[in-house]
>>> print(open('entry.cif').read())   # mmCIF, C-alpha atoms
data_upload
#
loop_
_atom_site.group_PDB
_atom_site.id
_atom_site.type_symbol
_atom_site.label_atom_id
_atom_site.label_comp_id
_atom_site.auth_asym_id
_atom_site.auth_seq_id
_atom_site.Cartn_x
_atom_site.Cartn_y
_atom_site.Cartn_z
ATOM 1 C CA MET A 1002 152.703 142.428 70.312
ATOM 2 C CA ASP A 1003 149.679 141.240 68.322
ATOM 3 C CA LYS A 1004 146.402 140.283 69.947
ATOM 4 C CA PHE A 1005 147.193 136.572 70.022
ATOM 5 C CA GLU A 1006 150.523 137.071 71.717
ATOM 6 C CA GLU A 1007 148.609 139.229 74.202
ATOM 7 C CA LEU A 1008 146.054 136.448 74.612
ATOM 8 C CA PHE A 1009 148.730 133.823 75.210
ATOM 9 C CA ALA A 1010 150.511 136.197 77.608
ATOM 10 C CA GLN A 1011 147.299 136.421 79.634
ATOM 11 C CA TYR A 1012 147.137 132.627 79.705
ATOM 12 C CA PRO A 1013 150.735 131.366 79.832
ATOM 13 C CA CYS A 1014 151.208 127.612 79.771
ATOM 14 C CA PRO A 1015 152.231 126.760 83.360
ATOM 15 C CA PHE A 1016 154.082 123.488 82.702
ATOM 16 C CA ASN A 1017 156.350 121.686 80.261
ATOM 17 C CA ASP A 1018 155.956 118.182 78.850
ATOM 18 C CA GLU A 1019 157.941 116.492 81.624
ATOM 19 C CA GLN A 1020 155.923 118.236 84.330
ATOM 20 C CA VAL A 1021 152.683 117.159 82.635
ATOM 21 C CA LYS A 1022 153.740 113.512 82.633
ATOM 22 C CA ALA A 1023 154.784 113.662 86.274
ATOM 23 C CA GLN A 1024 151.547 115.291 87.431
ATOM 24 C CA VAL A 1025 149.388 112.866 85.436
ATOM 25 C CA THR A 1026 151.245 109.944 86.999
ATOM 26 C CA ASP A 1027 150.753 111.415 90.468
ATOM 27 C CA ILE A 1028 147.021 112.093 90.055
ATOM 28 C CA LEU A 1029 146.296 108.630 88.691
ATOM 29 C CA ALA A 1030 148.418 106.913 91.351
ATOM 30 C CA ASN A 1031 146.521 108.698 94.107
ATOM 31 C CA HIS A 1032 142.956 108.817 92.778
ATOM 32 C CA PHE A 1033 142.322 106.225 90.046
ATOM 33 C CA ALA A 1034 141.316 103.432 92.450
ATOM 34 C CA GLU A 1035 138.647 105.513 94.196
ATOM 35 C CA ASN A 1036 136.919 106.134 90.846
ATOM 36 C CA ASN A 1037 137.190 102.633 89.408
ATOM 37 C CA ASN A 1038 133.726 101.458 90.438
ATOM 38 C CA ILE A 1039 130.321 100.680 88.947
ATOM 39 C CA GLU A 1040 128.805 104.109 89.611
ATOM 40 C CA VAL A 1041 131.610 105.847 87.734
ATOM 41 C CA TRP A 1042 131.370 103.285 84.911
ATOM 42 C CA LYS A 1043 127.665 104.120 84.611
ATOM 43 C CA GLN A 1044 128.414 107.836 84.545
ATOM 44 C CA CYS A 1045 131.060 107.364 81.867
ATOM 45 C CA LEU A 1046 128.572 105.411 79.741
ATOM 46 C CA HIS A 1047 126.092 108.269 80.150
ATOM 47 C CA GLN A 1048 128.724 110.680 78.769
ATOM 48 C CA ILE A 1049 129.414 108.834 75.515
ATOM 49 C CA ASP A 1050 128.875 110.272 72.052
ATOM 50 C CA TYR A 1051 128.091 106.895 70.447
ATOM 51 C CA THR A 1052 129.988 107.271 67.188
ATOM 52 C CA THR A 1053 130.424 105.900 63.696
ATOM 53 C CA LEU A 1054 132.653 107.773 61.256
ATOM 54 C CA SER A 1055 133.587 105.218 58.616
ATOM 55 C CA ALA A 1056 133.687 105.324 54.840
ATOM 56 C CA ASP A 1057 131.331 102.347 54.749
ATOM 57 C CA ASP A 1058 128.633 103.876 56.990
ATOM 58 C CA THR A 1059 125.163 103.066 55.674
ATOM 59 C CA ILE A 1060 121.618 104.137 56.445
ATOM 60 C CA ALA A 1061 120.974 100.699 57.906
ATOM 61 C CA LYS A 1062 123.986 101.021 60.223
ATOM 62 C CA VAL A 1063 122.970 104.371 61.701
ATOM 63 C CA GLU A 1064 119.348 103.260 62.014
ATOM 64 C CA LYS A 1065 120.579 100.257 64.005
ATOM 65 C CA MET A 1066 122.475 102.636 66.295
ATOM 66 C CA ALA A 1067 119.337 104.708 66.804
ATOM 67 C CA ASN A 1068 117.381 101.565 67.629
ATOM 68 C CA ALA A 1069 119.964 100.631 70.260
ATOM 69 C CA VAL A 1070 119.425 104.030 71.886
ATOM 70 C CA ASN A 1071 115.647 103.619 71.610
ATOM 71 C CA THR A 1072 115.610 100.254 73.392
ATOM 72 C CA PHE A 1073 118.492 100.661 75.827
ATOM 73 C CA GLU A 1074 116.552 101.729 78.916
ATOM 74 C CA LYS A 1075 114.106 98.830 78.520
ATOM 75 C CA GLU A 1076 116.935 96.330 78.069
ATOM 76 C CA PHE A 1077 119.086 97.742 80.894
ATOM 77 C CA PRO A 1078 116.846 99.406 83.500
ATOM 78 C CA GLY A 1079 118.732 101.459 86.032
ATOM 79 C CA ILE A 1080 121.655 102.164 83.698
ATOM 80 C CA PRO A 1081 121.681 105.625 82.060
ATOM 81 C CA ASN A 1082 121.721 105.833 78.274
ATOM 82 C CA VAL A 1083 124.502 107.312 76.148
ATOM 83 C CA ALA A 1084 124.507 111.088 75.631
ATOM 84 C CA ALA A 1085 124.371 111.379 71.836
ATOM 85 C CA ILE A 1086 124.824 109.658 68.514
ATOM 86 C CA CYS A 1087 127.672 111.094 66.409
ATOM 87 C CA VAL A 1088 127.668 110.624 62.620
ATOM 88 C CA TYR A 1089 128.650 112.273 59.362
ATOM 89 C CA PRO A 1090 126.308 115.097 58.256
ATOM 90 C CA ALA A 1091 124.738 113.060 55.442
ATOM 91 C CA MET A 1092 123.486 110.549 58.024
ATOM 92 C CA ALA A 1093 121.885 113.014 60.439
ATOM 93 C CA GLU A 1094 118.430 112.937 58.863
ATOM 94 C CA TYR A 1095 118.258 109.141 59.046
ATOM 95 C CA VAL A 1096 119.269 109.115 62.703
ATOM 96 C CA ARG A 1097 116.699 111.805 63.480
ATOM 97 C CA ARG A 1098 113.910 109.859 61.773
ATOM 98 C CA ALA A 1099 114.837 106.637 63.556
ATOM 99 C CA LEU A 1100 115.098 108.040 67.083
ATOM 100 C CA ASN A 1101 112.001 107.809 69.264
ATOM 101 C CA ASP A 1102 113.028 110.814 71.370
ATOM 102 C CA PRO A 1103 112.980 113.988 69.235
ATOM 103 C CA LYS A 1104 115.189 115.744 71.800
ATOM 104 C CA PHE A 1105 117.951 113.144 71.823
ATOM 105 C CA ASN A 1106 121.311 114.674 70.853
ATOM 106 C CA ILE A 1107 122.722 114.134 67.381
ATOM 107 C CA ALA A 1108 126.313 115.287 66.955
ATOM 108 C CA CYS A 1109 127.745 115.730 63.476
ATOM 109 C CA VAL A 1110 131.363 116.132 62.492
ATOM 110 C CA SER A 1111 131.588 119.008 60.064
ATOM 111 C CA GLY A 1112 134.016 121.378 58.407
ATOM 112 C CA VAL A 1113 135.539 118.745 56.118
ATOM 113 C CA PHE A 1114 136.354 116.155 58.784
ATOM 114 C CA PRO A 1115 139.003 114.984 59.637
ATOM 115 C CA SER A 1116 141.576 117.166 57.834
ATOM 116 C CA SER A 1117 139.791 120.547 57.881
ATOM 117 C CA GLN A 1118 141.680 121.259 54.663
ATOM 118 C CA SER A 1119 139.125 123.126 52.591
ATOM 119 C CA PHE A 1120 137.529 126.514 52.056
ATOM 120 C CA LEU A 1121 135.689 128.224 54.891
ATOM 121 C CA GLU A 1122 132.648 128.624 52.641
ATOM 122 C CA VAL A 1123 132.463 124.837 52.287
ATOM 123 C CA LYS A 1124 132.724 124.377 56.047
ATOM 124 C CA VAL A 1125 129.990 126.941 56.681
ATOM 125 C CA ALA A 1126 127.681 125.278 54.167
ATOM 126 C CA GLU A 1127 128.296 121.796 55.556
ATOM 127 C CA THR A 1128 127.655 122.955 59.113
ATOM 128 C CA ALA A 1129 124.418 124.708 58.173
ATOM 129 C CA LEU A 1130 123.224 121.673 56.223
ATOM 130 C CA ALA A 1131 124.038 119.341 59.120
ATOM 131 C CA LEU A 1132 121.963 121.463 61.488
ATOM 132 C CA ARG A 1133 119.109 121.580 58.991
ATOM 133 C CA ALA A 1134 119.251 117.784 58.697
ATOM 134 C CA GLY A 1135 118.765 117.319 62.418
ATOM 135 C CA ALA A 1136 122.125 117.773 64.138
ATOM 136 C CA THR A 1137 121.968 119.392 67.566
ATOM 137 C CA GLU A 1138 125.745 119.585 68.088
ATOM 138 C CA ILE A 1139 128.621 120.202 65.702
ATOM 139 C CA ASP A 1140 132.185 118.897 65.999
ATOM 140 C CA ILE A 1141 134.764 120.661 63.830
ATOM 141 C CA VAL A 1142 138.538 120.303 63.492
ATOM 142 C CA LEU A 1143 140.975 123.114 64.172
ATOM 143 C CA SER A 1144 142.935 123.966 61.035
ATOM 144 C CA VAL A 1145 146.065 122.381 62.451
ATOM 145 C CA GLY A 1146 148.357 123.351 59.566
ATOM 146 C CA LYS A 1147 147.411 126.997 59.919
ATOM 147 C CA PHE A 1148 147.862 126.832 63.682
ATOM 148 C CA LEU A 1149 151.336 125.317 63.418
ATOM 149 C CA GLU A 1150 152.312 128.073 60.967
ATOM 150 C CA GLY A 1151 151.199 130.701 63.467
ATOM 151 C CA ARG A 1152 148.202 131.807 61.372
ATOM 152 C CA TYR A 1153 146.173 132.304 64.523
ATOM 153 C CA GLN A 1154 143.845 134.963 63.154
ATOM 154 C CA GLU A 1155 142.633 132.628 60.404
ATOM 155 C CA CYS A 1156 142.039 129.841 62.921
ATOM 156 C CA PHE A 1157 140.188 132.224 65.222
ATOM 157 C CA ASP A 1158 138.016 133.668 62.465
ATOM 158 C CA GLU A 1159 137.083 130.223 61.185
ATOM 159 C CA ILE A 1160 135.957 128.966 64.601
ATOM 160 C CA SER A 1161 134.087 132.214 65.263
ATOM 161 C CA GLU A 1162 132.217 132.027 61.983
ATOM 162 C CA LEU A 1163 131.251 128.393 62.479
ATOM 163 C CA LYS A 1164 130.071 129.185 66.007
ATOM 164 C CA ALA A 1165 127.900 131.938 64.530
ATOM 165 C CA VAL A 1166 126.339 129.337 62.215
ATOM 166 C CA CYS A 1167 125.718 127.043 65.199
ATOM 167 C CA GLY A 1168 124.041 129.724 67.292
ATOM 168 C CA ASP A 1169 122.780 128.103 70.493
ATOM 169 C CA HIS A 1170 123.877 124.643 69.357
ATOM 170 C CA HIS A 1171 127.084 123.410 70.950
ATOM 171 C CA LEU A 1172 130.259 123.727 68.908
ATOM 172 C CA LYS A 1173 133.033 121.276 69.775
ATOM 173 C CA VAL A 1174 136.493 122.126 68.427
ATOM 174 C CA ILE A 1175 138.830 119.174 67.862
ATOM 175 C CA LEU A 1176 142.457 120.168 68.412
ATOM 176 C CA GLU A 1177 143.997 116.969 67.001
ATOM 177 C CA THR A 1178 146.389 116.958 69.939
ATOM 178 C CA GLY A 1179 148.480 114.119 68.510
ATOM 179 C CA LEU A 1180 149.720 116.524 65.829
ATOM 180 C CA LEU A 1181 150.390 119.482 68.108
ATOM 181 C CA GLN A 1182 153.578 117.953 69.488
ATOM 182 C CA SER A 1183 153.880 119.778 72.821
ATOM 183 C CA ALA A 1184 151.983 120.754 75.943
ATOM 184 C CA GLU A 1185 152.417 124.423 75.064
ATOM 185 C CA ASN A 1186 150.861 123.979 71.611
ATOM 186 C CA ILE A 1187 147.927 122.033 73.082
ATOM 187 C CA TRP A 1188 147.485 124.766 75.701
ATOM 188 C CA ARG A 1189 147.587 127.584 73.132
ATOM 189 C CA ALA A 1190 145.184 125.780 70.794
ATOM 190 C CA SER A 1191 142.809 125.310 73.738
ATOM 191 C CA ILE A 1192 142.927 128.988 74.698
ATOM 192 C CA LEU A 1193 142.524 130.179 71.108
ATOM 193 C CA SER A 1194 139.537 127.878 70.521
ATOM 194 C CA MET A 1195 137.769 128.958 73.693
ATOM 195 C CA ALA A 1196 138.404 132.619 72.904
ATOM 196 C CA ALA A 1197 136.883 132.094 69.447
ATOM 197 C CA GLY A 1198 133.673 130.662 70.889
ATOM 198 C CA ALA A 1199 134.127 126.894 71.299
ATOM 199 C CA ASP A 1200 131.662 125.419 73.772
ATOM 200 C CA PHE A 1201 133.704 122.202 74.049
ATOM 201 C CA ILE A 1202 137.333 121.543 73.316
ATOM 202 C CA LYS A 1203 138.022 118.005 72.141
ATOM 203 C CA THR A 1204 141.241 116.056 71.783
ATOM 204 C CA SER A 1205 141.135 114.112 68.555
ATOM 205 C CA THR A 1206 139.435 112.819 65.438
ATOM 206 C CA GLY A 1207 140.419 109.202 66.016
ATOM 207 C CA LYS A 1208 141.874 109.168 62.501
ATOM 208 C CA ILE A 1209 145.585 109.507 63.322
ATOM 209 C CA SER A 1210 148.027 107.328 65.260
ATOM 210 C CA VAL A 1211 148.047 109.365 68.508
ATOM 211 C CA ASN A 1212 144.650 110.394 69.826
ATOM 212 C CA ALA A 1213 143.312 111.135 73.311
ATOM 213 C CA THR A 1214 145.997 110.708 75.966
ATOM 214 C CA PRO A 1215 145.879 111.402 79.708
ATOM 215 C CA GLU A 1216 148.518 114.088 79.140
ATOM 216 C CA ALA A 1217 146.300 115.905 76.615
ATOM 217 C CA THR A 1218 143.390 115.720 79.044
ATOM 218 C CA PHE A 1219 145.564 117.194 81.795
ATOM 219 C CA VAL A 1220 146.648 120.151 79.649
ATOM 220 C CA MET A 1221 143.218 120.880 78.178
ATOM 221 C CA CYS A 1222 141.387 120.648 81.497
ATOM 222 C CA ASN A 1223 143.885 122.990 83.110
ATOM 223 C CA ALA A 1224 143.311 125.423 80.232
ATOM 224 C CA ILE A 1225 139.546 125.192 80.823
ATOM 225 C CA LYS A 1226 140.156 125.840 84.521
ATOM 226 C CA ALA A 1227 142.310 128.886 83.785
ATOM 227 C CA TRP A 1228 139.696 130.217 81.358
ATOM 228 C CA ARG A 1229 136.929 129.805 83.961
ATOM 229 C CA GLU A 1230 138.964 131.531 86.659
ATOM 230 C CA LYS A 1231 139.698 134.566 84.484
ATOM 231 C CA THR A 1232 136.428 134.954 82.517
ATOM 232 C CA GLY A 1233 133.783 133.156 84.560
ATOM 233 C CA GLU A 1234 132.789 131.168 81.444
ATOM 234 C CA LYS A 1235 132.368 127.437 81.768
ATOM 235 C CA LYS A 1236 133.803 125.525 78.814
ATOM 236 C CA CYS A 1237 133.381 121.795 78.371
ATOM 237 C CA TYR A 1238 135.641 118.872 77.533
ATOM 238 C CA LYS A 1239 135.618 115.797 75.274
ATOM 239 C CA PRO A 1240 138.394 113.221 74.969
ATOM 240 C CA ALA A 1241 137.903 111.235 71.770
ATOM 241 C CA GLY A 1242 139.793 108.667 69.746
ATOM 242 C CA GLY A 1243 141.639 105.856 71.449
ATOM 243 C CA VAL A 1244 139.473 105.773 74.586
ATOM 244 C CA SER A 1245 138.119 102.247 74.272
ATOM 245 C CA THR A 1246 138.535 100.447 77.609
ATOM 246 C CA THR A 1247 136.909 100.949 80.988
ATOM 247 C CA GLU A 1248 140.333 101.645 82.500
ATOM 248 C CA GLU A 1249 141.075 104.388 79.952
ATOM 249 C CA ALA A 1250 137.687 106.020 80.553
ATOM 250 C CA VAL A 1251 138.257 106.054 84.306
ATOM 251 C CA GLN A 1252 141.707 107.596 83.808
ATOM 252 C CA HIS A 1253 140.213 110.539 81.914
ATOM 253 C CA TYR A 1254 137.303 110.786 84.374
ATOM 254 C CA THR A 1255 139.778 110.918 87.278
ATOM 255 C CA LEU A 1256 141.782 113.728 85.687
ATOM 256 C CA VAL A 1257 138.657 115.779 84.921
ATOM 257 C CA LYS A 1258 137.404 115.295 88.468
ATOM 258 C CA GLU A 1259 140.695 116.285 90.096
ATOM 259 C CA ILE A 1260 141.383 119.278 87.836
ATOM 260 C CA LEU A 1261 137.919 120.703 87.114
ATOM 261 C CA GLY A 1262 135.833 119.262 89.932
ATOM 262 C CA LYS A 1263 132.469 117.601 90.325
ATOM 263 C CA GLU A 1264 130.668 120.379 88.425
ATOM 264 C CA TRP A 1265 131.997 118.871 85.193
ATOM 265 C CA LEU A 1266 131.027 115.254 85.928
ATOM 266 C CA ASN A 1267 127.894 115.172 83.795
ATOM 267 C CA ASN A 1268 127.073 114.716 80.127
ATOM 268 C CA GLU A 1269 126.413 118.391 79.536
ATOM 269 C CA SER A 1270 130.008 119.306 80.451
ATOM 270 C CA PHE A 1271 132.063 116.206 79.733
ATOM 271 C CA ARG A 1272 131.720 113.699 76.882
ATOM 272 C CA PHE A 1273 133.635 110.770 75.477
ATOM 273 C CA GLY A 1274 133.833 110.300 71.716
ATOM 274 C CA ALA A 1275 133.824 106.558 71.280
ATOM 275 C CA SER A 1276 132.608 103.533 69.387
ATOM 276 C CA ARG A 1277 134.003 100.496 71.247
ATOM 277 C CA LEU A 1278 133.883 102.114 74.700
ATOM 278 C CA ALA A 1279 130.118 101.767 75.140
ATOM 279 C CA ASN A 1280 130.136 97.968 74.986
ATOM 280 C CA ASN A 1281 133.241 97.724 77.164
ATOM 281 C CA LEU A 1282 131.752 99.914 79.874
ATOM 282 C CA LEU A 1283 128.438 98.058 79.672
ATOM 283 C CA SER A 1284 130.278 94.755 80.039
ATOM 284 C CA SER A 1285 132.020 96.068 83.166
ATOM 285 C CA ILE A 1286 128.704 97.268 84.604
ATOM 286 C CA VAL A 1287 126.759 94.031 84.071
ATOM 287 C CA GLY A 1288 129.715 91.789 84.880
ATOM 288 C CA LYS A 1289 129.922 89.853 81.632
ATOM 289 C CA GLU A 1290 130.824 90.459 77.998
ATOM 290 C CA THR A 1291 127.964 92.378 76.412
ATOM 291 C CA LYS A 1292 127.704 93.543 72.810
ATOM 292 C CA PHE A 1293 124.575 95.665 72.749
ATOM 293 C CA PHE A 1294 125.832 98.768 70.941
#
>>> encode(input="entry.cif", output="structure tokens")
Amino acid sequence: MDKFEELFAQYPCPFNDEQVKAQVTDILANHFAENNNIEVWKQCLHQIDYTTLSADDTIAKVEKMANAVNTFEKEFPGIPNVAAICVYPAMAEYVRRALNDPKFNIACVSGVFPSSQSFLEVKVAETALALRAGATEIDIVLSVGKFLEGRYQECFDEISELKAVCGDHHLKVILETGLLQSAENIWRASILSMAAGADFIKTSTGKISVNATPEATFVMCNAIKAWREKTGEKKCYKPAGGVSTTEEAVQHYTLVKEILGKEWLNNESFRFGASRLANNLLSSIVGKETKFF
């Protein structure tokens, strides 16, 4: 038995796909309504990585995003701001210059996003350059093709090396759950990523047809729970891609709360990767359609 089979034996997936669907349905039926309120909507807004990852991103566009963050608290007193701005590495320096708060989080996707299909040396260089340009957090993509072929050591080594580049900066590992096909694969990818040093595990890039689902959240949060129980290490969670409505945000919030508990209900432990979600949550909070972000 190699070390990864030993690792997966220590953390066996405790449910199949049908059981996941049934338990998600049960949790949401019993607890969604109690969380669908203005205070939770505010908390969800506070957990957003306000994101643009488009081929037509411009300096003017990311500067406008930074200005929205700069002016938000004045425009909407009593409502907490988003957690971070997430951009491509080449845009990090422009966001950093435009932000009034030098400590505000800038997340950058790195490692040849979204495919992760390149050389490790390229991924290392891009990550280092993103941090130098002003990024405070790095989001990378698991090498899904390698994972599906069972090349676990290569996946592990890649995440470990990129975490070493990040140092104390948070590393979020995107599993691209829509391509992993089963609860067991999502579970194993979660365990492998945490073992390799991921600070966050994240569902999706938002660039494929199936992105963050309640079922993926259920599996990944249970993996985080199992990891915490066995190692004592707290790992964090980020659903991203396809979470655009207030209802969808509250679904994920409810699952995190029921599986991981209140300790995770803050923007240091739980983020949403989103572009449209911020305006939709803000509209729910203020009670009318609002397009601020």
>>> resolve_selection(input="entry.cif", expression="the PyMOL selection byres ((chain A and resi 1068-1075) around 10)", output="MDAnalysis selection string")
chainID A and resid 1051 1062:1067 1076:1086 1096 1099:1102 1105 1293:1294
>>> write_last_selection(input="entry.cif", atoms="C-alpha atoms", output="PDB file, keeping the file's coordinate frame")
ATOM      1  CA  TYR A1051     128.091 106.895  70.447  1.00  0.00           C
ATOM      2  CA  LYS A1062     123.986 101.021  60.223  1.00  0.00           C
ATOM      3  CA  VAL A1063     122.970 104.371  61.701  1.00  0.00           C
ATOM      4  CA  GLU A1064     119.348 103.260  62.014  1.00  0.00           C
ATOM      5  CA  LYS A1065     120.579 100.257  64.005  1.00  0.00           C
ATOM      6  CA  MET A1066     122.475 102.636  66.295  1.00  0.00           C
ATOM      7  CA  ALA A1067     119.337 104.708  66.804  1.00  0.00           C
ATOM      8  CA  GLU A1076     116.935  96.330  78.069  1.00  0.00           C
ATOM      9  CA  PHE A1077     119.086  97.742  80.894  1.00  0.00           C
ATOM     10  CA  PRO A1078     116.846  99.406  83.500  1.00  0.00           C
ATOM     11  CA  GLY A1079     118.732 101.459  86.032  1.00  0.00           C
ATOM     12  CA  ILE A1080     121.655 102.164  83.698  1.00  0.00           C
ATOM     13  CA  PRO A1081     121.681 105.625  82.060  1.00  0.00           C
ATOM     14  CA  ASN A1082     121.721 105.833  78.274  1.00  0.00           C
ATOM     15  CA  VAL A1083     124.502 107.312  76.148  1.00  0.00           C
ATOM     16  CA  ALA A1084     124.507 111.088  75.631  1.00  0.00           C
ATOM     17  CA  ALA A1085     124.371 111.379  71.836  1.00  0.00           C
ATOM     18  CA  ILE A1086     124.824 109.658  68.514  1.00  0.00           C
ATOM     19  CA  VAL A1096     119.269 109.115  62.703  1.00  0.00           C
ATOM     20  CA  ALA A1099     114.837 106.637  63.556  1.00  0.00           C
ATOM     21  CA  LEU A1100     115.098 108.040  67.083  1.00  0.00           C
ATOM     22  CA  ASN A1101     112.001 107.809  69.264  1.00  0.00           C
ATOM     23  CA  ASP A1102     113.028 110.814  71.370  1.00  0.00           C
ATOM     24  CA  PHE A1105     117.951 113.144  71.823  1.00  0.00           C
ATOM     25  CA  PHE A1293     124.575  95.665  72.749  1.00  0.00           C
ATOM     26  CA  PHE A1294     125.832  98.768  70.941  1.00  0.00           C
TER      27      PHE A1294
END
>>> resolve_selection(input="entry.cif", expression="the PyMOL selection byres ((chain A and resi 1046) around 10)", output="MDAnalysis selection string")
chainID A and resid 1040:1045 1047:1051 1080:1084 1247 1250 1268 1272:1273 1278:1283 1286
>>> closest_residue(input="entry.cif", among="A:Asn1106, A:Ser1119, A:Thr1178, A:Thr1255", to="Glu1269 of chain A", atoms="all atoms listed in the file")
A:Asn1106
>>> residues_around(input="entry.cif", residues="Glu1230 of chain A", least_positions_apart="5", cutoff="12 Å", atoms="all atoms listed in the file", output="list in words")
Gln1011, Tyr1012, Asn1223, Ala1224, Ile1225, Lys1235, Lys1236 and Leu1261 of chain A
>>> residues_around(input="entry.cif", residues="Gly1207 of chain A", least_positions_apart="5", cutoff="9 Å", atoms="only C-alpha atoms", output="list of chain:residue names")
A:Pro1115, A:Glu1177, A:Asn1212, A:Ala1213, A:Ala1241, A:Gly1242, A:Gly1243, A:Gly1274, A:Ala1275
>>> resolve_selection(input="entry.cif", expression="the PyMOL selection byres ((chain A and resi 1058) around 12)", output="ChimeraX atom specification")
/A:1052-1057,1059-1066,1087-1093,1095
>>> residues_around(input="entry.cif", residues="Phe1271 of chain A", least_positions_apart="6", cutoff="9 Å", atoms="all atoms listed in the file", output="PDB file with C-alpha atoms, in the frame of the given file")
ATOM      1  CA  GLN A1048     128.724 110.680  78.769  1.00  0.00           C
ATOM      2  CA  ILE A1049     129.414 108.834  75.515  1.00  0.00           C
ATOM      3  CA  PHE A1201     133.704 122.202  74.049  1.00  0.00           C
ATOM      4  CA  CYS A1237     133.381 121.795  78.371  1.00  0.00           C
ATOM      5  CA  TYR A1238     135.641 118.872  77.533  1.00  0.00           C
ATOM      6  CA  LYS A1239     135.618 115.797  75.274  1.00  0.00           C
ATOM      7  CA  PRO A1240     138.394 113.221  74.969  1.00  0.00           C
ATOM      8  CA  TYR A1254     137.303 110.786  84.374  1.00  0.00           C
ATOM      9  CA  VAL A1257     138.657 115.779  84.921  1.00  0.00           C
ATOM     10  CA  TRP A1265     131.997 118.871  85.193  1.00  0.00           C
TER      11      TRP A1265
END
>>> residues_around(input="entry.cif", residues="Ser1161 of chain A", least_positions_apart="6", cutoff="9 Å", atoms="all atoms listed in the file", output="ChimeraX atom specification")
/A:1194,1196-1199
>>> closest_residue(input="entry.cif", among="A:Leu1163, A:Phe1148, A:Arg1098, A:Lys1208", to="Leu1193 of chain A", atoms="only C-alpha atoms")
A:Phe1148
>>> atom_distance(input="entry.cif", atom1="atom CA of Ser1183 of chain A", atom2="atom CA of Lys1124 of chain A")
27.4 Å
>>> closest_residue(input="entry.cif", among="A:Ala1165, A:Val1021, A:Val1123, A:Leu1143", to="Ala1217 of chain A", atoms="all atoms listed in the file")
A:Val1021
>>> residues_around(input="entry.cif", residues="Ser1116 of chain A", least_positions_apart="4", cutoff="12 Å", atoms="all atoms listed in the file", output="list in words")
Val1110, Ser1111, Gly1112, Phe1120, Lys1124, Ile1141, Val1142, Leu1143, Ser1144, Val1145, Gly1146, Lys1147, Ile1175, Leu1176, Glu1177, Leu1180, Ser1205, Thr1206, Gly1207, Lys1208 and Ile1209 of chain A
>>> closest_residue(input="entry.cif", among="A:Asn1186, A:Ser1285, A:Asn1031, A:Asn1036", to="Leu1266 of chain A", atoms="all atoms listed in the file")
A:Asn1036
>>> closest_residue(input="entry.cif", among="A:Ile1039, A:Val1287, A:Ile1107, A:Ala1184", to="Pro1215 of chain A", atoms="all atoms listed in the file")
A:Ala1184
>>> atom_distance(input="entry.cif", atom1="atom CA of Ser1270 of chain A", atom2="atom CA of Val1125 of chain A")
25.0 Å
>>> atom_distance(input="entry.cif", atom1="atom CA of Glu1094 of chain A", atom2="atom CA of Cys1167 of chain A")
17.1 Å
>>> residues_near_point(input="entry.cif", point="(142.6, 120.0, 88.3)", cutoff="9 Å", atoms="all atoms listed in the file", output="VMD selection string")
chain A and resid 1219 1222 to 1223 1226 1256 to 1262
>>> closest_residue(input="entry.cif", among="A:Glu1150, A:Asp1140, A:Glu1264, A:Glu1216", to="Ile1028 of chain A", atoms="all atoms listed in the file")
A:Glu1216
>>> residues_near_point(input="entry.cif", point="(124.9, 130.1, 67.2)", cutoff="12 Å", atoms="all atoms listed in the file", output="VMD selection string")
chain A and resid 1128 to 1129 1132 1137 to 1139 1160 to 1172 1198 to 1200
>>> build_atoms(input="entry.cif", residues="segment 1170-1179 of chain A", atoms="N, CA and C atoms", output="mmCIF file, in the coordinates of the input")
data_model
loop_
_atom_site.group_PDB
_atom_site.id
_atom_site.type_symbol
_atom_site.label_atom_id
_atom_site.label_comp_id
_atom_site.auth_asym_id
_atom_site.auth_seq_id
_atom_site.Cartn_x
_atom_site.Cartn_y
_atom_site.Cartn_z
ATOM 1 N N HIS A 1170 123.416 126.026 69.382
ATOM 2 C CA HIS A 1170 123.877 124.643 69.357
ATOM 3 C C HIS A 1170 125.349 124.586 69.766
ATOM 4 N N HIS A 1171 125.705 123.547 70.500
ATOM 5 C CA HIS A 1171 127.084 123.410 70.950
ATOM 6 C C HIS A 1171 128.045 123.205 69.779
ATOM 7 N N LEU A 1172 129.162 123.922 69.847
ATOM 8 C CA LEU A 1172 130.259 123.727 68.908
ATOM 9 C C LEU A 1172 131.425 123.112 69.663
ATOM 10 N N LYS A 1173 131.868 121.945 69.193
ATOM 11 C CA LYS A 1173 133.033 121.276 69.775
ATOM 12 C C LYS A 1173 134.190 121.437 68.788
ATOM 13 N N VAL A 1174 135.317 121.919 69.279
ATOM 14 C CA VAL A 1174 136.493 122.126 68.427
ATOM 15 C C VAL A 1174 137.532 121.054 68.748
ATOM 16 N N ILE A 1175 137.854 120.254 67.735
ATOM 17 C CA ILE A 1175 138.830 119.174 67.862
ATOM 18 C C ILE A 1175 140.220 119.746 67.595
ATOM 19 N N LEU A 1176 141.115 119.590 68.550
ATOM 20 C CA LEU A 1176 142.457 120.168 68.412
ATOM 21 C C LEU A 1176 143.416 119.251 67.672
ATOM 22 N N GLU A 1177 143.088 117.997 67.552
ATOM 23 C CA GLU A 1177 143.997 116.969 67.001
ATOM 24 C C GLU A 1177 145.330 117.036 67.730
ATOM 25 N N THR A 1178 145.251 116.765 69.039
ATOM 26 C CA THR A 1178 146.389 116.958 69.939
ATOM 27 C C THR A 1178 147.600 116.104 69.562
ATOM 28 N N GLY A 1179 147.372 114.964 68.910
ATOM 29 C CA GLY A 1179 148.480 114.119 68.510
ATOM 30 C C GLY A 1179 149.394 114.756 67.485
#
